[in-house]
file upload02.cif (mmCIF, C-alpha atoms)
data_work
loop_
_atom_site.label_atom_id
_atom_site.label_comp_id
_atom_site.auth_asym_id
_atom_site.auth_seq_id
_atom_site.Cartn_x
_atom_site.Cartn_y
_atom_site.Cartn_z
CA MET A 1 81.40 120.29 98.45
CA ARG A 2 78.78 122.45 100.15
CA LEU A 3 81.58 124.47 101.70
CA THR A 4 83.31 125.03 98.36
CA LEU A 5 80.04 126.12 96.83
CA ALA A 6 79.35 128.49 99.71
CA ALA A 7 82.84 129.95 99.42
CA ALA A 8 82.47 130.37 95.68
CA LEU A 9 79.10 132.08 96.14
CA ALA A 10 80.51 134.32 98.85
CA LEU A 11 83.40 135.38 96.63
CA MET A 12 81.28 135.99 93.54
CA PRO A 13 80.12 139.50 94.40
CA ILE A 14 83.76 140.54 95.04
CA ALA A 15 84.82 139.23 91.65
CA ALA A 16 81.90 141.01 90.04
CA ILE A 17 82.76 144.29 91.78
CA ALA A 18 86.39 143.99 90.80
CA GLN A 19 85.38 143.62 87.18
CA ASP A 20 82.84 146.42 87.02
CA ASP A 21 84.51 148.83 89.40
CA PRO A 22 84.11 152.26 87.74
CA ARG A 23 87.26 153.37 89.50
CA LEU A 24 89.29 150.77 87.63
CA ASP A 25 87.62 151.86 84.41
CA ALA A 26 88.82 155.40 85.09
CA VAL A 27 92.33 154.12 85.75
CA ALA A 28 92.30 152.10 82.53
CA ALA A 29 91.03 155.11 80.57
CA ARG A 30 93.74 157.47 81.76
CA GLN A 31 96.46 154.85 81.43
CA GLY A 32 95.33 154.34 77.85
CA TYR A 33 95.56 158.09 77.35
CA PHE A 34 99.16 158.16 78.58
CA LYS A 35 99.98 155.08 76.50
CA LEU A 36 98.83 156.99 73.40
CA LEU A 37 100.88 160.02 74.41
CA GLY A 38 103.87 157.76 75.02
CA ALA A 39 103.54 155.91 71.74
CA ASN A 40 103.68 159.19 69.81
CA MET A 41 106.41 160.64 72.03
CA GLY A 42 108.39 157.46 71.42
CA VAL A 43 108.33 158.14 67.67
CA LEU A 44 109.62 161.71 68.08
CA ALA A 45 112.22 160.85 70.73
CA GLY A 46 113.37 157.77 68.80
CA MET A 47 113.89 159.80 65.63
CA ALA A 48 115.59 162.62 67.54
CA LYS A 49 118.07 160.17 69.05
CA GLY A 50 118.56 158.30 65.80
CA ASP A 51 117.14 155.04 67.15
CA LEU A 52 114.42 155.30 64.52
CA ALA A 53 114.95 156.29 60.89
CA TYR A 54 113.81 159.86 60.32
CA ASP A 55 110.58 160.17 58.39
CA GLU A 56 109.01 163.58 58.16
CA ALA A 57 105.48 162.36 57.46
CA GLN A 58 105.60 159.98 60.43
CA ALA A 59 107.04 162.68 62.69
CA THR A 60 104.40 165.19 61.65
CA GLN A 61 101.67 162.62 62.25
CA ALA A 62 103.01 161.87 65.74
CA GLY A 63 103.19 165.60 66.45
CA ALA A 64 99.61 166.12 65.31
CA ASN A 65 98.47 163.21 67.48
CA ILE A 66 100.23 164.66 70.53
CA LYS A 67 98.62 168.02 69.91
CA ALA A 68 95.18 166.41 69.62
CA LEU A 69 95.79 164.46 72.84
CA SER A 70 96.97 167.61 74.61
CA LEU A 71 93.59 169.21 73.85
CA TYR A 72 91.71 166.21 75.22
CA HIS A 73 90.46 166.86 78.75
CA ALA A 74 92.21 164.00 80.55
CA PRO A 75 91.65 165.18 84.16
CA VAL A 76 88.05 163.86 83.98
CA HIS A 77 89.51 160.36 84.27
CA PHE A 78 91.05 161.16 87.63
CA ALA A 79 87.93 160.16 89.52
CA GLN A 80 87.73 160.50 93.29
CA GLY A 81 89.03 157.45 95.13
CA THR A 82 91.51 156.39 92.47
CA SER A 83 94.83 157.52 93.95
CA THR A 84 97.67 155.30 95.09
CA ASP A 85 96.17 155.65 98.59
CA ASP A 86 93.01 153.92 97.38
CA LEU A 87 94.27 151.51 94.76
CA GLY A 88 97.90 150.86 95.65
CA ASP A 89 100.02 149.56 92.81
CA GLN A 90 97.14 149.63 90.34
CA THR A 91 97.77 153.30 89.70
CA ALA A 92 100.66 155.76 89.87
CA ALA A 93 98.37 158.73 90.52
CA ARG A 94 99.49 160.38 93.74
CA PRO A 95 96.92 161.85 96.15
CA GLU A 96 98.39 165.31 95.38
CA ILE A 97 96.37 165.22 92.14
CA TRP A 98 93.24 165.65 94.26
CA THR A 99 94.63 167.73 97.12
CA ASP A 100 96.25 170.15 94.66
CA SER A 101 93.96 169.88 91.67
CA ALA A 102 94.80 173.43 90.53
CA GLY A 103 98.51 172.58 90.34
CA PHE A 104 97.67 169.37 88.51
CA ALA A 105 95.50 171.24 85.97
CA GLU A 106 98.37 173.67 85.48
CA LYS A 107 100.64 170.79 84.44
CA PHE A 108 98.11 169.73 81.84
CA ALA A 109 98.03 173.33 80.60
CA GLY A 110 101.82 173.06 80.38
CA LEU A 111 101.47 170.05 78.10
CA ALA A 112 98.98 171.93 75.91
CA ALA A 113 101.38 174.89 75.74
CA ALA A 114 104.32 172.65 74.78
CA ALA A 115 102.20 170.94 72.12
CA ALA A 116 100.68 174.17 70.75
CA PRO A 117 103.37 174.75 68.06
CA LEU A 118 102.80 171.21 66.73
CA PRO A 119 102.89 169.84 64.13
CA GLU A 120 104.24 172.90 62.27
CA ALA A 121 107.28 173.03 64.58
CA LEU A 122 108.34 169.67 63.12
CA ALA A 123 108.53 170.96 59.57
CA GLY A 124 112.25 171.82 59.59
CA GLY A 125 113.59 168.29 59.11
CA GLN A 126 115.30 166.07 61.68
CA ASP A 127 116.94 169.02 63.46
CA SER A 128 113.54 170.35 64.47
CA LEU A 129 112.87 167.22 66.56
CA GLY A 130 115.33 167.95 69.39
CA PRO A 131 113.77 171.18 70.69
CA VAL A 132 110.24 169.76 70.35
CA VAL A 133 111.12 166.60 72.32
CA GLN A 134 112.89 168.71 74.97
CA SER A 135 109.89 170.96 75.39
CA LEU A 136 107.32 168.13 75.45
CA GLY A 137 109.52 165.98 77.69
CA GLY A 138 109.88 168.91 80.07
CA ALA A 139 106.08 169.07 80.32
CA CYS A 140 105.95 165.30 81.06
CA LYS A 141 108.62 165.64 83.75
CA ALA A 142 107.06 168.71 85.35
CA CYS A 143 103.94 166.69 86.12
CA HIS A 144 105.60 163.33 86.90
CA ASP A 145 107.83 165.02 89.51
CA GLY A 146 104.98 165.99 91.79
CA TYR A 147 101.97 163.90 90.85
CA ARG A 148 103.21 160.50 89.76
CA ALA A 149 104.28 157.78 92.18
CA LYS A 150 107.90 156.78 91.94
CA MET B 1 154.04 163.87 114.93
CA ARG B 2 153.09 165.36 111.60
CA VAL B 3 152.63 162.87 108.79
CA ARG B 4 151.53 163.17 105.19
CA VAL B 5 148.40 160.98 105.41
CA TRP B 6 146.44 162.01 102.33
CA ASP B 7 148.27 161.83 99.00
CA PRO B 8 147.56 164.45 96.30
CA ALA B 9 145.45 162.10 94.14
CA LEU B 10 143.22 161.20 97.07
CA ARG B 11 142.78 164.85 98.02
CA ALA B 12 141.88 165.76 94.45
CA TYR B 13 139.44 162.84 94.41
CA HIS B 14 137.84 163.97 97.66
CA TRP B 15 137.20 167.57 96.63
CA LEU B 16 136.16 166.71 93.08
CA LEU B 17 133.72 164.17 94.50
CA ALA B 18 132.37 166.68 97.03
CA ALA B 19 131.81 169.27 94.30
CA ALA B 20 130.35 166.79 91.80
CA VAL B 21 127.98 165.24 94.35
CA THR B 22 126.78 168.64 95.55
CA VAL B 23 126.09 169.95 92.05
CA THR B 24 124.55 166.66 90.88
CA TRP B 25 122.24 166.54 93.87
CA LEU B 26 121.19 170.17 93.43
CA LEU B 27 120.54 169.61 89.72
CA GLY B 28 118.53 166.52 90.56
CA GLN B 29 116.32 168.44 92.99
CA PHE B 30 116.11 171.89 91.43
CA GLY B 31 117.75 171.64 88.01
CA PRO B 32 116.24 172.25 84.58
CA ALA B 33 113.87 169.69 83.07
CA SER B 34 116.61 168.44 80.79
CA MET B 35 119.06 166.65 83.09
CA THR B 36 121.99 166.27 80.68
CA LEU B 37 124.47 167.85 83.09
CA HIS B 38 123.17 165.69 85.95
CA PHE B 39 123.88 162.64 83.79
CA TRP B 40 127.41 163.74 82.83
CA LEU B 41 128.27 164.53 86.42
CA GLY B 42 126.89 161.11 87.38
CA TYR B 43 129.27 159.45 84.94
CA SER B 44 132.14 161.51 86.41
CA ILE B 45 131.19 160.35 89.89
CA LEU B 46 131.29 156.73 88.71
CA GLY B 47 134.77 157.45 87.33
CA LEU B 48 135.89 158.99 90.61
CA LEU B 49 134.53 155.99 92.52
CA ALA B 50 136.39 153.64 90.18
CA PHE B 51 139.57 155.52 91.04
CA ARG B 52 138.77 155.22 94.76
CA LEU B 53 138.31 151.47 94.40
CA VAL B 54 141.72 151.12 92.75
CA TRP B 55 143.28 153.44 95.33
CA GLY B 56 141.62 151.48 98.13
CA LEU B 57 143.32 148.32 96.95
CA ALA B 58 146.63 149.56 95.56
CA GLY B 59 147.07 153.14 96.78
CA PRO B 60 149.18 154.53 99.63
CA ALA B 61 148.60 152.92 103.05
CA PRO B 62 146.08 155.43 104.55
CA ALA B 63 143.94 155.19 101.41
CA ARG B 64 143.68 151.40 101.51
CA PHE B 65 140.46 149.79 102.68
CA ALA B 66 142.50 147.13 104.49
CA SER B 67 144.18 149.84 106.58
CA PHE B 68 141.02 151.60 107.77
CA VAL B 69 138.08 149.18 107.66
CA ARG B 70 137.98 147.76 111.19
CA GLY B 71 135.99 145.02 112.83
CA PRO B 72 133.07 145.60 115.23
CA GLY B 73 135.33 145.25 118.28
CA ALA B 74 137.76 148.00 117.33
CA THR B 75 134.92 150.21 116.08
CA LEU B 76 132.97 149.86 119.34
CA ARG B 77 136.08 150.53 121.39
CA TYR B 78 136.69 153.70 119.42
CA ALA B 79 133.03 154.74 119.62
CA ARG B 80 133.04 154.45 123.42
CA GLY B 81 135.75 157.06 123.64
CA ILE B 82 134.23 159.38 121.06
CA PHE B 83 133.21 162.07 123.59
CA VAL B 84 136.64 162.22 125.23
CA ARG B 85 137.70 165.77 124.64
CA GLN B 86 140.92 165.11 122.78
CA PRO B 87 141.99 164.63 119.17
CA SER B 88 141.83 161.14 117.70
CA LEU B 89 145.27 161.53 116.07
CA THR B 90 144.38 158.70 113.67
CA ALA B 91 146.69 158.38 110.67
CA GLY B 92 143.81 158.43 108.21
CA HIS B 93 140.20 157.40 108.77
CA ASN B 94 139.30 156.56 112.37
CA PRO B 95 137.12 153.42 112.70
CA LEU B 96 133.86 155.41 112.66
CA GLY B 97 135.03 157.68 109.86
CA ALA B 98 135.84 154.52 107.94
CA LEU B 99 132.21 153.38 108.27
CA SER B 100 131.07 156.78 107.05
CA ALA B 101 133.46 156.73 104.07
CA VAL B 102 132.42 153.22 103.05
CA ALA B 103 128.74 154.09 103.43
CA MET B 104 129.14 157.18 101.24
CA ILE B 105 131.03 155.24 98.59
CA ALA B 106 128.38 152.52 98.61
CA VAL B 107 125.43 154.94 98.34
CA LEU B 108 127.10 157.00 95.61
CA ALA B 109 127.92 153.82 93.69
CA MET B 110 124.28 152.80 94.01
CA GLN B 111 123.25 156.25 92.74
CA GLY B 112 125.59 156.04 89.78
CA VAL B 113 124.53 152.55 88.81
CA THR B 114 120.77 152.96 89.32
CA GLY B 115 120.97 156.24 87.37
CA LEU B 116 122.05 154.28 84.30
CA PHE B 117 118.75 152.36 84.36
CA VAL B 118 116.17 155.02 85.24
CA ASP B 119 113.32 155.87 82.92
CA PRO B 120 111.03 158.60 84.26
CA ASP B 121 108.80 158.34 81.15
CA ASP B 122 109.61 161.87 80.02
CA TYR B 123 111.62 160.84 76.93
CA ILE B 124 114.42 163.28 77.77
CA ASN B 125 116.04 161.91 80.94
CA VAL B 126 116.30 158.23 80.15
CA GLY B 127 119.28 156.32 81.54
CA PRO B 128 121.61 154.96 78.85
CA LEU B 129 121.00 151.34 79.89
CA ALA B 130 117.26 151.64 80.66
CA GLY B 131 116.40 149.91 77.39
CA SER B 132 118.40 146.82 78.30
CA VAL B 133 116.29 145.89 81.34
CA ASP B 134 112.60 145.20 81.93
CA ALA B 135 110.04 147.67 83.24
CA ALA B 136 110.09 146.29 86.80
CA THR B 137 113.87 146.79 86.99
CA ARG B 138 113.54 150.34 85.66
CA LYS B 139 110.95 151.08 88.32
CA LEU B 140 113.17 149.62 91.02
CA ALA B 141 116.09 151.69 89.70
CA ILE B 142 114.17 154.94 89.96
CA ARG B 143 112.93 154.12 93.47
CA LEU B 144 116.43 153.28 94.65
CA HIS B 145 117.76 156.41 92.96
CA HIS B 146 115.33 158.60 94.90
CA LEU B 147 116.01 156.75 98.14
CA GLY B 148 119.75 157.10 97.50
CA ALA B 149 119.43 160.85 97.02
CA THR B 150 117.96 161.09 100.52
CA LEU B 151 120.57 158.74 101.97
CA ALA B 152 123.34 160.79 100.34
CA VAL B 153 122.10 163.97 102.03
CA VAL B 154 121.92 162.20 105.39
CA LEU B 155 125.42 160.74 105.03
CA VAL B 156 126.99 163.98 103.81
CA GLY B 157 125.24 165.86 106.63
CA LEU B 158 126.59 163.35 109.13
CA HIS B 159 130.06 163.68 107.60
CA VAL B 160 130.05 167.48 107.89
CA ALA B 161 128.55 167.32 111.39
CA ALA B 162 131.27 164.88 112.48
CA ILE B 163 133.97 167.20 111.14
CA LEU B 164 132.45 170.11 113.10
CA PHE B 165 132.24 167.89 116.18
CA TYR B 166 135.92 166.99 115.90
CA ARG B 167 136.84 170.63 115.34
CA VAL B 168 134.78 172.08 118.18
CA TRP B 169 134.59 169.29 120.74
CA LYS B 170 137.69 167.20 120.12
CA ARG B 171 139.83 170.14 118.97
CA GLU B 172 141.04 168.31 115.89
CA ASP B 173 141.05 169.92 112.44
CA LEU B 174 140.17 167.30 109.82
CA VAL B 175 139.70 169.74 106.95
CA ARG B 176 143.27 171.01 106.74
CA PRO B 177 144.77 167.51 106.32
CA MET B 178 142.40 166.96 103.39
CA LEU B 179 143.74 170.19 101.87
CA THR B 180 147.47 169.89 102.62
CA GLY B 181 147.82 166.17 103.23
CA TRP B 182 149.60 166.74 106.54
CA LYS B 183 148.00 165.58 109.77
CA LEU B 184 149.03 165.40 113.38
CA VAL B 185 148.99 161.70 114.30
CA ARG B 186 149.87 159.53 117.26
CA PRO B 187 153.37 158.07 116.75
CA PRO B 188 153.17 154.32 116.11
CA ARG B 189 154.01 152.22 119.15
CA ASP B 190 156.96 149.95 118.67
#

call {"tool": "encode", "arguments": {"input": "upload02.cif", "output": "structure tokens"}}
result
Amino acid sequence: MRLTLAAALALMPIAAIAQDDPRLDAVAARQGYFKLLGANMGVLAGMAKGDLAYDEAQATQAGANIKALSLYHAPVHFAQGTSTDDLGDQTAARPEIWTDSAGFAEKFAGLAAAAAPLPEALAGGQDSLGPVVQSLGGACKACHDGYRAK
Amino acid sequence: MRVRVWDPALRAYHWLLAAAVTVTWLLGQFGPASMTLHFWLGYSILGLLAFRLVWGLAGPAPARFASFVRGPGATLRYARGIFVRQPSLTAGHNPLGALSAVAMIAVLAMQGVTGLFVDPDDYINVGPLAGSVDAATRKLAIRLHHLGATLAVVLVGLHVAAILFYRVWKREDLVRPMLTGWKLVRPPRD
């Protein structure tokens, strides 16, 4: 009984740290950011492929959301000590994000550039979706290739 | 004696596969963001491999797996004599070449199949079957696909190096038979 209590007390600080670890908060914040990007990309890609029924208002809204997200400064959530080297499977952020922060920032600029013509670029009906998805998807891939763990 | 070891269909398969694998690999590493051509070539490679499977079971004798896949004993015996400076005169794949061929077929099959399930989260290069499996499987597929790309380079490099080794060291041309079908082989003992 005493031993169990001692063990529980000894483990408590670890549990507390795990919960309040600001590094994990940063990871959660940026993963939420990419979830939002993905949710809106999913709408555009789904409609472009025909998996989702085309709806211009919905497409325009998704495009506007992506543009807003592309202007959000997400790199602030890539705090020091939160790469795959530090946190393993809890993140997909490769150490290159920190060793080559200029290259990483450039990829975010690429997303902003791809999203710049939104949502106006989506005005031409369903046919306008393909090029927009290609261009945005290319920006996703450009960054995933070098900075996201496989 | 000169024998027609490689039939025309097998030769066409070999060179189409070599070209498709080279272009697909290059597109995978350096290609445009939209990997449509990489995908179509991947499907073609799966088709070529399906042909090879059929040919390996029901094709002409030198093409059949049963004729060239050898046990460890025969393979070791052949490997011991590999540096002897004379042609192998094998009527088809020699026991080590057989290992290489099977390894390449296996890795390319893995590439083709895992490619169907990849999802790199870019919404433009999603495998056609990615939606039918869970996220963990998709992740595994993409990891295997990247590993397989490296393995493919190693195996193709080994393949080309072996052909150079046979040409230069063992004085045996293995390229011409794959072009013409005809190869100098040791007459069967009776």

call {"tool": "resolve_selection", "arguments": {"input": "upload02.cif", "expression": "the PyMOL selection byres ((chain B) within 8 of (chain A))", "output": "list of chain:residue names"}}
result
B:Ala33, B:Ser34, B:Pro120, B:Asp121, B:Asp122, B:Tyr123, B:Ile124, B:Lys139, B:Ile142, B:Arg143

call {"tool": "resolve_selection", "arguments": {"input": "upload02.cif", "expression": "the PyMOL selection byres ((chain B and resi 92) around 8)", "output": "PDB file with C-alpha atoms, in the frame of the given file"}}
result
ATOM      1  CA  VAL B   5     148.400 160.980 105.410  1.00  0.00           C
ATOM      2  CA  TRP B   6     146.440 162.010 102.330  1.00  0.00           C
ATOM      3  CA  PRO B  62     146.080 155.430 104.550  1.00  0.00           C
ATOM      4  CA  ALA B  63     143.940 155.190 101.410  1.00  0.00           C
ATOM      5  CA  PHE B  68     141.020 151.600 107.770  1.00  0.00           C
ATOM      6  CA  THR B  90     144.380 158.700 113.670  1.00  0.00           C
ATOM      7  CA  ALA B  91     146.690 158.380 110.670  1.00  0.00           C
ATOM      8  CA  HIS B  93     140.200 157.400 108.770  1.00  0.00           C
ATOM      9  CA  ASN B  94     139.300 156.560 112.370  1.00  0.00           C
TER      10      ASN B  94
END

call {"tool": "resolve_selection", "arguments": {"input": "upload02.cif", "expression": "the PyMOL selection byres ((chain B and resi 97-108) around 9)", "output": "PyMOL selection string"}}
result
chain B and resi 21+45-46+49+52+65+68-70+75+92-96+109-113+148-149+151-152+155-156+158-159+162

call {"tool": "closest_residue", "arguments": {"input": "upload02.cif", "among": "A:Ile97, A:Leu52, A:Ile66, A:Ala74", "to": "Ala39 of chain A", "atoms": "only C-alpha atoms"}}
result
A:Ile66

call {"tool": "atom_distance", "arguments": {"input": "upload02.cif", "atom1": "atom CA of Leu76 of chain B", "atom2": "atom CA of Gly181 of chain B"}}
result
27.3 Å

call {"tool": "residues_around", "arguments": {"input": "upload02.cif", "residues": "Pro119 of chain A", "least_positions_apart": "6", "cutoff": "7 Å", "atoms": "all atoms listed in the file", "output": "list in words"}}
result
Thr60, Gly63 and Ala64 of chain A

call {"tool": "closest_residue", "arguments": {"input": "upload02.cif", "among": "B:Met1, B:Leu147, B:Leu17, B:Ala79", "to": "Leu41 of chain B", "atoms": "only C-alpha atoms"}}
result
B:Leu17

call {"tool": "atom_distance", "arguments": {"input": "upload02.cif", "atom1": "atom CA of Gly146 of chain A", "atom2": "atom CA of Ser70 of chain A"}}
result
19.0 Å

call {"tool": "atom_distance", "arguments": {"input": "upload02.cif", "atom1": "atom CA of Ala92 of chain A", "atom2": "atom CA of Ala130 of chain B"}}
result
19.4 Å

call {"tool": "closest_residue", "arguments": {"input": "upload02.cif", "among": "B:Val168, B:Val153, B:Ala136, B:Leu179", "to": "Leu26 of chain B", "atoms": "all atoms listed in the file"}}
result
B:Val153

call {"tool": "residues_near_point", "arguments": {"input": "upload02.cif", "point": "(89.8, 156.6, 87.7)", "cutoff": "12 Å", "atoms": "only C-alpha atoms", "output": "JSON list (two decimals) with C-alpha atoms, in the coordinates of the input"}}
result
[["chain", "number", "residue", "atom", "x", "y", "z"],
["A", 21, "ASP", "CA", 84.51, 148.83, 89.40],
["A", 22, "PRO", "CA", 84.11, 152.26, 87.74],
["A", 23, "ARG", "CA", 87.26, 153.37, 89.50],
["A", 24, "LEU", "CA", 89.29, 150.77, 87.63],
["A", 25, "ASP", "CA", 87.62, 151.86, 84.41],
["A", 26, "ALA", "CA", 88.82, 155.40, 85.09],
["A", 27, "VAL", "CA", 92.33, 154.12, 85.75],
["A", 28, "ALA", "CA", 92.30, 152.10, 82.53],
["A", 29, "ALA", "CA", 91.03, 155.11, 80.57],
["A", 30, "ARG", "CA", 93.74, 157.47, 81.76],
["A", 31, "GLN", "CA", 96.46, 154.85, 81.43],
["A", 32, "GLY", "CA", 95.33, 154.34, 77.85],
["A", 33, "TYR", "CA", 95.56, 158.09, 77.35],
["A", 74, "ALA", "CA", 92.21, 164.00, 80.55],
["A", 75, "PRO", "CA", 91.65, 165.18, 84.16],
["A", 76, "VAL", "CA", 88.05, 163.86, 83.98],
["A", 77, "HIS", "CA", 89.51, 160.36, 84.27],
["A", 78, "PHE", "CA", 91.05, 161.16, 87.63],
["A", 79, "ALA", "CA", 87.93, 160.16, 89.52],
["A", 80, "GLN", "CA", 87.73, 160.50, 93.29],
["A", 81, "GLY", "CA", 89.03, 157.45, 95.13],
["A", 82, "THR", "CA", 91.51, 156.39, 92.47],
["A", 83, "SER", "CA", 94.83, 157.52, 93.95],
["A", 84, "THR", "CA", 97.67, 155.30, 95.09],
["A", 86, "ASP", "CA", 93.01, 153.92, 97.38],
["A", 87, "LEU", "CA", 94.27, 151.51, 94.76],
["A", 90, "GLN", "CA", 97.14, 149.63, 90.34],
["A", 91, "THR", "CA", 97.77, 153.30, 89.70],
["A", 92, "ALA", "CA", 100.66, 155.76, 89.87],
["A", 93, "ALA", "CA", 98.37, 158.73, 90.52],
["A", 97, "ILE", "CA", 96.37, 165.22, 92.14],
["A", 98, "TRP", "CA", 93.24, 165.65, 94.26]]

call {"tool": "residues_around", "arguments": {"input": "upload02.cif", "residues": "His38 of chain B", "least_positions_apart": "5", "cutoff": "7 Å", "atoms": "all atoms listed in the file", "output": "PDB file with C-alpha atoms, in the frame of the given file"}}
result
ATOM      1  CA  THR B  24     124.550 166.660  90.880  1.00  0.00           C
ATOM      2  CA  LEU B  27     120.540 169.610  89.720  1.00  0.00           C
ATOM      3  CA  GLY B  28     118.530 166.520  90.560  1.00  0.00           C
TER       4      GLY B  28
END

call {"tool": "residues_near_point", "arguments": {"input": "upload02.cif", "point": "(153.8, 154.9, 115.8)", "cutoff": "12 Å", "atoms": "all atoms listed in the file", "output": "short mmCIF file (atom, residue, chain, number, x, y, z; two decimals) with C-alpha atoms, in the coordinates of the input"}}
result
data_model
loop_
_atom_site.label_atom_id
_atom_site.label_comp_id
_atom_site.auth_asym_id
_atom_site.auth_seq_id
_atom_site.Cartn_x
_atom_site.Cartn_y
_atom_site.Cartn_z
CA MET B 1 154.04 163.87 114.93
CA ARG B 2 153.09 165.36 111.60
CA VAL B 3 152.63 162.87 108.79
CA LEU B 89 145.27 161.53 116.07
CA THR B 90 144.38 158.70 113.67
CA ALA B 91 146.69 158.38 110.67
CA LEU B 184 149.03 165.40 113.38
CA VAL B 185 148.99 161.70 114.30
CA ARG B 186 149.87 159.53 117.26
CA PRO B 187 153.37 158.07 116.75
CA PRO B 188 153.17 154.32 116.11
CA ARG B 189 154.01 152.22 119.15
CA ASP B 190 156.96 149.95 118.67
#

call {"tool": "axis_aligned_box", "arguments": {"input": "upload02.cif", "around": "segment 24-42 of chain B", "padding_each_side": "5 Å", "output": "lines of an AutoDock Vina configuration file"}}
result
center_x = 121.1
center_y = 166.7
center_z = 87.3
size_x = 24.4
size_y = 21.1
size_z = 23.2

call {"tool": "residues_around", "arguments": {"input": "upload02.cif", "residues": "Gly115 of chain B", "least_positions_apart": "4", "cutoff": "10 Å", "atoms": "only C-alpha atoms", "output": "JSON, numbers by chain"}}
result
{"B": [38, 39, 42, 43, 109, 110, 111, 119, 125, 126, 127, 128, 129, 130, 138, 141, 142, 144, 145, 146]}

call {"tool": "closest_residue", "arguments": {"input": "upload02.cif", "among": "B:Phe83, B:Trp169, B:Phe117, B:Tyr13", "to": "Gly47 of chain B", "atoms": "only C-alpha atoms"}}
result
B:Tyr13
